[in-house]
Structure formats: C-alpha cells, structure tokens
Amino acid sequence: MYFLDYYWKDGQPYGIGTKDPLLGFNIVKDPYRKRISIEYFTQGKFSSLIYDSNLFDFRKLKPEAQIAWQKEFIKEEDGKVHSLIKDQEDRTILFEVSHFVEGVCRLTECYYPTQILLCRQKLFYKNLGDTFNGVLLEDTQKKPILLKEYDLNLETEEFQNVVKEVWNFENYPVEEKTL
C-alpha cells in the first residue's frame with residue numbers, strides 16, 4: 001500500500017495517510033511480517049529502496065533480540081573510523097563509518113555490507129551542550145527508529161546505564177514534505 005509518509009514503531013515502519021502511487025512510500029510486508037521493505041516512488045515509478053529487513057532487520061536491535069555482535073576495526077583516516085560489524089557466525093552484517101569531532105564520536109553512518117547507506121546514529125552529550133546523553137538512530141529519510149538516553153560515566157566520558165529507550169515514534173512531529 002502507498003502512503004504519504006511513515007513512522008517507525010518497534011523497529012517496523014507504519015504508513016501515514018494513504019496516497020496514490022504517483023508520489024509516496026510503498027511499505028511491503030509479507031503476511032507474517034518476516035520481511036519488510038520501504039520503497040519510494042516518484043511519478044508512479046520506483047525511485048529507491050529505503051529499507052529492506054532481509055538485508056538488516058531493525059527489530060534485532062531490541063534488547064530481547066540482541067545477539068553477540070563483534071566490531072572489527074578496518075582503518076582510521078581524517079577523523080573517521082571504518083569498522084565492520086559481524087554476527088556470531090562471523091558474517092558481516094554492517095559496515096560503519098564513525099565521524100569524530102575533537103576526539104568525540106558525533107555521528108556513525110551504518111551501511112549494508114554492499115555499502116549502501118542504511119541509517120545514521122547521532123550521538124549527543126550534555127557536556128558538549130546537547131540536551132541529553134544518548135544516541136538517536138535515524139533511517140536515510142531522517143525518520144527516528146530508536147532513541148536511547150544514557151548516564152554518562154564522568155571518568156571515561158562513555159555512555160553506561162540506559163536511562164530511557166524509545167521505540168515508538170507514532171506521535172513524533174512529522175515535517176511537511178514535498179514528495
């Protein structure tokens with residue numbers, strides 16, 4: 001079905017406002033919701049694939065679904081660190097590029113193993129003037145998927161205990177967009 005817009009809830013996209021297929025988002029789900037994808041259409045034609053759970057499933061980020069992942073450093077250059085994320089079977093599931101500003105990671109771009117952009121993680125720190133300590137995960141359309149707020153360990157300046165975790169962005173303010 002085609003929608004004017006969409007939001008994320010529990011790692012799954014939900015459509016907002018039905019729309020004709022000329023401009024909009026097509027959210028495709030199998031009957032069991034094992035595979036979900038978001039396609040973007042312009043002029044009634046496929047324009048791009050925004051998300052495909054067959055390549056990476058955001059539902060696997062929920063605490064009860066987390067499994068043993070491992071980060072493998074590749075290289076560091078120009079304030080960026082390139083890494084692979086592998087699952088317990090040593091299969092590459094993500095390619096990450098972390099951007100550092102004055103030694104602090106402020107943004108991580110996550111790519112499918114094919115190096116197509118999947119999402120971005122924005123990192124926030126109160127001691128750098130942000131309103132909270134935490135991470136906001138957004139898809140390529142800047143739609144929030146997950147928000148985690150943390151306590152900050154003042155000695156190591158690293159996130160430690162999760163204070164708040166938000167998975168439902170149904171009532172998140174949606175910007176007016178021209179599709």
# chains A, B, ... in the order shown; residues from 1 in each chain; ligands from 1

$ closest_atom_pairs --of "stretch 59-117 of chain A" --to "stretch 137-153 of chain A" --cutoff "10 Å" --atoms "only C-alpha atoms" --output "JSON lines"
{"residue": "A:Arg59", "atom": "CA", "partner": "A:Ile145", "partner_atom": "CA", "distance": 9.9}
{"residue": "A:Leu61", "atom": "CA", "partner": "A:Leu146", "partner_atom": "CA", "distance": 8.9}
{"residue": "A:Lys62", "atom": "CA", "partner": "A:Leu146", "partner_atom": "CA", "distance": 9.3}
{"residue": "A:Leu107", "atom": "CA", "partner": "A:Leu137", "partner_atom": "CA", "distance": 9.9}
{"residue": "A:Thr108", "atom": "CA", "partner": "A:Leu137", "partner_atom": "CA", "distance": 9.3}
{"residue": "A:Glu109", "atom": "CA", "partner": "A:Leu137", "partner_atom": "CA", "distance": 9.7}
{"residue": "A:Cys110", "atom": "CA", "partner": "A:Asp139", "partner_atom": "CA", "distance": 9.5}
{"residue": "A:Leu117", "atom": "CA", "partner": "A:Thr140", "partner_atom": "CA", "distance": 7.0}

$ write_last_selection --atoms "N, CA and C atoms" --output "PDB file, in the first residue's frame"
ATOM      1  N   ARG A  59      14.479  -4.735  14.025  1.00  0.00           N
ATOM      2  CA  ARG A  59      13.891  -5.420  15.183  1.00  0.00           C
ATOM      3  C   ARG A  59      14.946  -6.192  15.965  1.00  0.00           C
ATOM      4  N   LEU A  61      17.611  -5.048  16.988  1.00  0.00           N
ATOM      5  CA  LEU A  61      18.247  -4.126  17.920  1.00  0.00           C
ATOM      6  C   LEU A  61      17.528  -4.075  19.263  1.00  0.00           C
ATOM      7  N   LYS A  62      16.347  -4.666  19.343  1.00  0.00           N
ATOM      8  CA  LYS A  62      15.616  -4.685  20.611  1.00  0.00           C
ATOM      9  C   LYS A  62      16.385  -5.543  21.617  1.00  0.00           C
ATOM     10  N   LEU A 107      28.753  11.099  15.065  1.00  0.00           N
ATOM     11  CA  LEU A 107      27.902  10.521  14.034  1.00  0.00           C
ATOM     12  C   LEU A 107      28.512   9.215  13.558  1.00  0.00           C
ATOM     13  N   THR A 108      27.664   8.205  13.397  1.00  0.00           N
ATOM     14  CA  THR A 108      28.090   6.948  12.777  1.00  0.00           C
ATOM     15  C   THR A 108      27.115   6.630  11.659  1.00  0.00           C
ATOM     16  N   GLU A 109      27.658   6.452  10.470  1.00  0.00           N
ATOM     17  CA  GLU A 109      26.849   6.046   9.324  1.00  0.00           C
ATOM     18  C   GLU A 109      26.940   4.530   9.212  1.00  0.00           C
ATOM     19  N   CYS A 110      25.802   3.881   9.107  1.00  0.00           N
ATOM     20  CA  CYS A 110      25.746   2.425   9.010  1.00  0.00           C
ATOM     21  C   CYS A 110      25.314   2.043   7.600  1.00  0.00           C
ATOM     22  N   LEU A 117      23.906   3.036   2.087  1.00  0.00           N
ATOM     23  CA  LEU A 117      23.556   3.621   3.378  1.00  0.00           C
ATOM     24  C   LEU A 117      22.238   3.054   3.906  1.00  0.00           C
TER      25      LEU A 117
END

$ select_by_dssp --residues "chain A" --states "helix (DSSP H, G or I)" --output "PyMOL selection string"
chain A and resi 58-61+63-65+126-128

$ atom_distance --atom1 "atom CA of A:Gly103" --atom2 "atom CA of A:Gly134"
16.8 Å

$ select_by_dssp --residues "stretch 24-120 of chain A" --states "strand (DSSP E)" --output "ChimeraX atom specification"
/A:24-29,36-42,45-52,70-77,80-86,92-101,104-111,117-120

$ atom_distance --atom1 "atom CA of A:Phe124" --atom2 "atom CA of A:Asp87"
26.6 Å

$ atom_distance --atom1 "atom CA of A:Thr18" --atom2 "atom CA of A:Trp167"
23.1 Å

$ residues_around --residues "A:Pro63" --least-positions-apart "3" --cutoff "12 Å" --atoms "only C-alpha atoms" --output "NGL selection string"
:A and (10-11 or 58-60 or 66-68 or 146 or 148 or 162 or 165-167)
